[in-house]
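Coordinates from data-v4.pdb are shown below (PDB, C-alpha atoms).
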ATOM      1  CA  MET H   1      14.018  13.812  61.432
ATOM      2  CA  SER H   2      12.084  16.161  63.706
ATOM      3  CA  LEU H   3      11.175  19.760  63.022
ATOM      4  CA  ASP H   4      12.331  22.165  65.716
ATOM      5  CA  GLN H   5      10.059  25.215  65.444
ATOM      6  CA  ASN H   6      12.208  27.198  67.894
ATOM      7  CA  ALA H   7      15.585  26.576  66.219
ATOM      8  CA  ASP H   8      17.416  29.637  64.958
ATOM      9  CA  PRO H   9      18.027  29.065  61.205
ATOM     10  CA  PHE H  10      21.160  31.227  61.476
ATOM     11  CA  ASP H  11      22.711  29.291  64.357
ATOM     12  CA  SER H  12      25.524  27.359  62.691
ATOM     13  CA  THR H  13      25.472  24.795  65.514
ATOM     14  CA  SER H  14      21.825  23.954  64.841
ATOM     15  CA  ARG H  15      21.057  21.406  62.150
ATOM     16  CA  ALA H  16      17.289  21.582  62.576
ATOM     17  CA  ALA H  17      15.177  20.289  59.715
ATOM     18  CA  ARG H  18      13.318  23.060  57.942
ATOM     19  CA  PRO H  19      10.247  22.698  55.748
ATOM     20  CA  ARG H  20      10.987  22.986  52.050
ATOM     21  CA  ARG H  21       9.170  22.578  48.790
ATOM     22  CA  PRO H  22       9.753  19.288  46.969
ATOM     23  CA  GLY H  23      12.401  19.588  44.296
ATOM     24  CA  ARG H  24      13.899  22.769  45.736
ATOM     25  CA  ALA H  25      17.186  23.180  47.546
ATOM     26  CA  THR H  26      16.738  25.139  50.765
ATOM     27  CA  CYS H  27      19.944  26.494  52.234
ATOM     28  CA  TYR H  28      20.640  28.480  55.367
ATOM     29  CA  ALA H  29      23.624  30.746  55.887
ATOM     30  CA  PRO H  30      24.913  31.079  59.454
ATOM     31  CA  ARG H  31      24.320  34.455  61.061
ATOM     32  CA  PRO H  32      27.468  36.575  61.058
ATOM     33  CA  GLY H  33      28.708  37.806  64.440
ATOM     34  CA  GLY H  34      27.001  40.869  65.780
ATOM     35  CA  MET H  35      25.867  42.533  68.958
ATOM     36  CA  VAL H  36      24.143  40.286  71.493
ATOM     37  CA  GLY H  37      20.414  40.366  70.850
ATOM     38  CA  GLU H  38      20.863  42.272  67.580
ATOM     39  CA  ARG H  39      18.910  40.830  64.643
ATOM     40  CA  ALA H  40      19.518  41.849  61.062
ATOM     41  CA  GLU H  41      16.801  41.861  58.436
ATOM     42  CA  THR H  42      16.057  38.287  57.339
ATOM     43  CA  VAL H  43      15.423  37.834  53.627
ATOM     44  CA  VAL H  44      14.563  34.845  51.456
ATOM     45  CA  VAL H  45      15.746  34.783  47.854
ATOM     46  CA  GLU H  46      13.884  32.293  45.655
ATOM     47  CA  GLY H  47      14.694  31.555  42.046
ATOM     48  CA  ARG H  48      17.184  29.774  39.801
ATOM     49  CA  VAL H  49      20.953  29.989  39.989
ATOM     50  CA  ALA H  50      22.020  32.013  36.940
ATOM     51  CA  HIS H  51      25.790  32.177  37.510
ATOM     52  CA  GLY H  52      28.328  30.723  39.912
ATOM     53  CA  GLU H  53      28.645  27.446  41.739
ATOM     54  CA  ARG H  54      28.944  26.262  45.347
ATOM     55  CA  VAL H  55      30.460  22.815  45.972
ATOM     56  CA  GLU H  56      30.934  21.016  49.309
ATOM     57  CA  VAL H  57      33.017  17.849  49.581
ATOM     58  CA  GLU H  58      33.347  15.416  52.495
ATOM     59  CA  LEU H  59      35.869  12.564  52.661
ATOM     60  CA  ARG H  60      35.261   9.585  54.967
ATOM     61  CA  VAL H  61      37.583   6.693  55.728
ATOM     62  CA  ALA H  62      36.262   3.755  57.793
ATOM     63  CA  GLY H  63      33.121   5.790  58.547
ATOM     64  CA  ALA H  64      35.016   8.721  60.099
ATOM     65  CA  VAL H  65      35.099  12.166  58.503
ATOM     66  CA  VAL H  66      38.684  12.835  57.478
ATOM     67  CA  ALA H  67      38.222  16.121  55.607
ATOM     68  CA  ARG H  68      35.605  18.659  54.565
ATOM     69  CA  ALA H  69      36.109  21.448  52.063
ATOM     70  CA  ALA H  70      34.097  23.842  49.906
ATOM     71  CA  ARG H  71      34.607  26.148  46.962
ATOM     72  CA  GLY H  72      32.525  28.899  45.438
ATOM     73  CA  ASP H  73      31.861  32.124  47.319
ATOM     74  CA  ALA H  74      29.292  33.809  45.069
ATOM     75  CA  LEU H  75      26.063  32.907  43.298
ATOM     76  CA  SER H  76      23.818  35.000  41.125
ATOM     77  CA  VAL H  77      20.146  34.017  41.489
ATOM     78  CA  SER H  78      17.497  35.022  38.955
ATOM     79  CA  THR H  79      14.252  35.683  40.822
ATOM     80  CA  GLY H  80      12.159  36.435  37.743
ATOM     81  CA  ASP H  81      12.106  40.160  38.527
ATOM     82  CA  ALA H  82      15.839  40.673  38.969
ATOM     83  CA  GLU H  83      19.163  38.962  39.400
ATOM     84  CA  VAL H  84      20.457  38.923  42.989
ATOM     85  CA  ALA H  85      24.159  38.541  43.837
ATOM     86  CA  LEU H  86      24.733  36.419  46.954
ATOM     87  CA  ASP H  87      27.813  35.849  49.098
ATOM     88  CA  VAL H  88      27.547  32.135  49.831
ATOM     89  CA  SER H  89      30.954  31.645  51.451
ATOM     90  CA  ALA H  90      29.291  30.505  54.706
ATOM     91  CA  LEU H  91      26.372  28.684  53.080
ATOM     92  CA  ALA H  92      25.722  25.112  54.256
ATOM     93  CA  LEU H  93      24.259  22.934  51.510
ATOM     94  CA  ASP H  94      22.353  20.669  53.916
ATOM     95  CA  GLY H  95      19.195  20.753  51.786
ATOM     96  CA  VAL H  96      20.990  19.816  48.570
ATOM     97  CA  GLU H  97      20.950  16.227  47.365
ATOM     98  CA  ALA H  98      24.314  14.552  47.924
ATOM     99  CA  GLU H  99      26.175  12.393  45.431
ATOM    100  CA  THR H 100      28.224   9.696  47.203
ATOM    101  CA  ARG H 101      30.995   7.658  45.610
ATOM    102  CA  ARG H 102      32.742   4.714  47.290
ATOM    103  CA  GLY H 103      35.946   2.919  46.382
ATOM    104  CA  ALA H 104      39.705   2.979  46.744
ATOM    105  CA  TRP H 105      41.133   6.496  47.023
ATOM    106  CA  ARG H 106      43.056   5.799  43.803
ATOM    107  CA  ALA H 107      39.717   5.722  41.890
ATOM    108  CA  LEU H 108      38.067   8.560  43.829
ATOM    109  CA  ALA H 109      41.042  10.877  43.283
ATOM    110  CA  ALA H 110      40.221  10.973  39.559
ATOM    111  CA  HIS H 111      37.089  13.072  40.236
ATOM    112  CA  PRO H 112      37.653  16.846  40.033
ATOM    113  CA  GLU H 113      35.998  17.492  43.419
ATOM    114  CA  ALA H 114      38.499  15.184  45.147
ATOM    115  CA  ALA H 115      41.191  17.852  44.704
ATOM    116  CA  LEU H 116      39.499  19.862  47.483
ATOM    117  CA  VAL H 117      40.313  17.174  50.066
ATOM    118  CA  ALA H 118      43.418  15.593  48.490
ATOM    119  CA  ASP H 119      45.730  17.029  51.174
ATOM    120  CA  ARG H 120      44.008  14.777  53.773
ATOM    121  CA  ALA H 121      43.642  11.727  51.519
ATOM    122  CA  PRO H 122      44.536   8.202  52.627
ATOM    123  CA  ALA H 123      46.942   5.869  50.807
ATOM    124  CA  PRO H 124      45.833   5.004  47.238
ATOM    125  CA  HIS H 125      44.639   1.473  48.161
ATOM    126  CA  VAL H 126      42.498   2.526  51.174
ATOM    127  CA  ALA H 127      38.706   2.338  50.815
ATOM    128  CA  ALA H 128      37.049   5.741  51.144
ATOM    129  CA  GLU H 129      33.770   7.559  50.577
ATOM    130  CA  LEU H 130      33.524  10.911  48.782
ATOM    131  CA  THR H 131      30.295  12.912  49.231
ATOM    132  CA  VAL H 132      29.653  15.924  46.996
ATOM    133  CA  ARG H 133      26.880  18.524  47.240
ATOM    134  CA  ARG H 134      26.628  21.063  44.437
ATOM    135  CA  LEU H 135      24.573  24.143  43.564
ATOM    136  CA  GLY H 136      25.132  25.384  40.050
ATOM    137  CA  PRO H 137      23.445  27.142  37.135
ATOM    138  CA  GLY H 138      19.845  26.064  36.667
ATOM    139  CA  ALA H 139      19.312  24.819  40.229
ATOM    140  CA  GLU H 140      16.064  26.046  41.782
ATOM    141  CA  VAL H 141      16.792  27.464  45.249
ATOM    142  CA  ALA H 142      15.302  29.244  48.254
ATOM    143  CA  ILE H 143      18.117  30.802  50.273
ATOM    144  CA  GLU H 144      17.446  32.448  53.633
ATOM    145  CA  GLY H 145      19.975  34.884  55.035
ATOM    146  CA  GLU H 146      20.611  38.423  56.145
ATOM    147  CA  ALA H 147      20.814  41.362  53.775
ATOM    148  CA  SER H 148      24.247  42.968  53.702
ATOM    149  CA  ALA H 149      23.500  45.522  50.966
ATOM    150  CA  HIS H 150      20.448  46.795  49.138
ATOM    151  CA  GLY H 151      20.321  47.833  45.501
ATOM    152  CA  PHE H 152      17.751  49.745  43.521
ATOM    153  CA  ALA H 153      16.304  49.061  40.104
ATOM    154  CA  GLU H 154      17.457  51.346  37.318
ATOM    155  CA  GLY H 155      15.545  54.631  37.333
ATOM    156  CA  THR H 156      14.722  54.600  41.046
ATOM    157  CA  THR H 157      16.217  56.706  43.805
ATOM    158  CA  ASN H 158      16.859  56.367  47.502
ATOM    159  CA  ARG H 159      15.170  59.271  49.278
ATOM    160  CA  GLU H 160      15.510  60.036  52.951
ATOM    161  CA  PRO H 161      12.230  60.798  54.778
TER     162      PRO H 161
END
Written as structure tokens, that's how I'd like the structure from this file.
Amino acid sequence: MSLDQNADPFDSTSRAARPRRPGRATCYAPRPGGMVGERAETVVVEGRVAHGERVEVELRVAGAVVARAARGDALSVSTGDAEVALDVSALALDGVEAETRRGAWRALAAHPEAALVADRAPAPHVAAELTVRRLGPGAEVAIEGEASAHGFAEGTTNREP
């Protein structure tokens, strides 16, 4: 995999490899639509997931992707100094280790994550592959995105210059 130094980490069409620390999940959220040339403040939140879960599921039949689905729109990440609430509804879990299961759909359907793609499932006897990526409590993460709101620690104020 090559590293594209010029790739925009918020371009949802780009799947460029990004450097990451071993043992850490690095995730990139696509940049929300905005004015052409407009750049929002980029922030990186590093810490451990305290609350919430993000799960992505992919179903393949005969090597072709039949369905993709995700659940979990919010995570709370403990940074050591504070707990940060994140909207992860557009988060791609590309940097998260995948768990892949293979077998007849009948056997795969017994896994809870399979419910996310069950509407596109093949016949029970058909061989399929179910890939699951998950971020949950305790996972160490570094998530890069754009700030949508700022909060202040208790006892501080927001003064205008």
For the structure shown, which residues end up in the PyMOL selection byres ((chain H and resi 112-127) around 10)? Put them as JSON, numbers by chain, please? {"H": [55, 56, 57, 58, 59, 60, 61, 62, 66, 67, 68, 69, 70, 71, 102, 103, 104, 105, 106, 107, 108, 109, 110, 111, 128, 129, 130, 131, 132, 133]}
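One distance worth recording is that between CA of Val44 in chain H and CA of Val88 in chain H, which is 13.4 Å.
Look at Glu41 in chain H: the protein and nucleic acid residues within 10 Å of it, using only C-alpha atoms and passing over chain neighbours fewer than 6 places away, are Gly145, Glu146, Ala147 and Ser148 of chain H.
Closest approach to Ser76 in chain H among H:Glu144, H:Arg134, H:Ala139, H:His51: H:His51, based on only C-alpha atoms.
Across the structure, CA of Ala74 in chain H and CA of Val49 in chain H are spaced 10.5 Å apart.
Pairwise distance (CA of Ser78 in chain H, CA of Glu140 in chain H) equals 9.5 Å.
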Quick one: residues within 7 Å of Gly136 in chain H, only C-alpha atoms counted, chain neighbours fewer than 6 positions away excluded, as a list of chain:residue names? H:Val49, H:Gly52, H:Glu53, H:Arg54
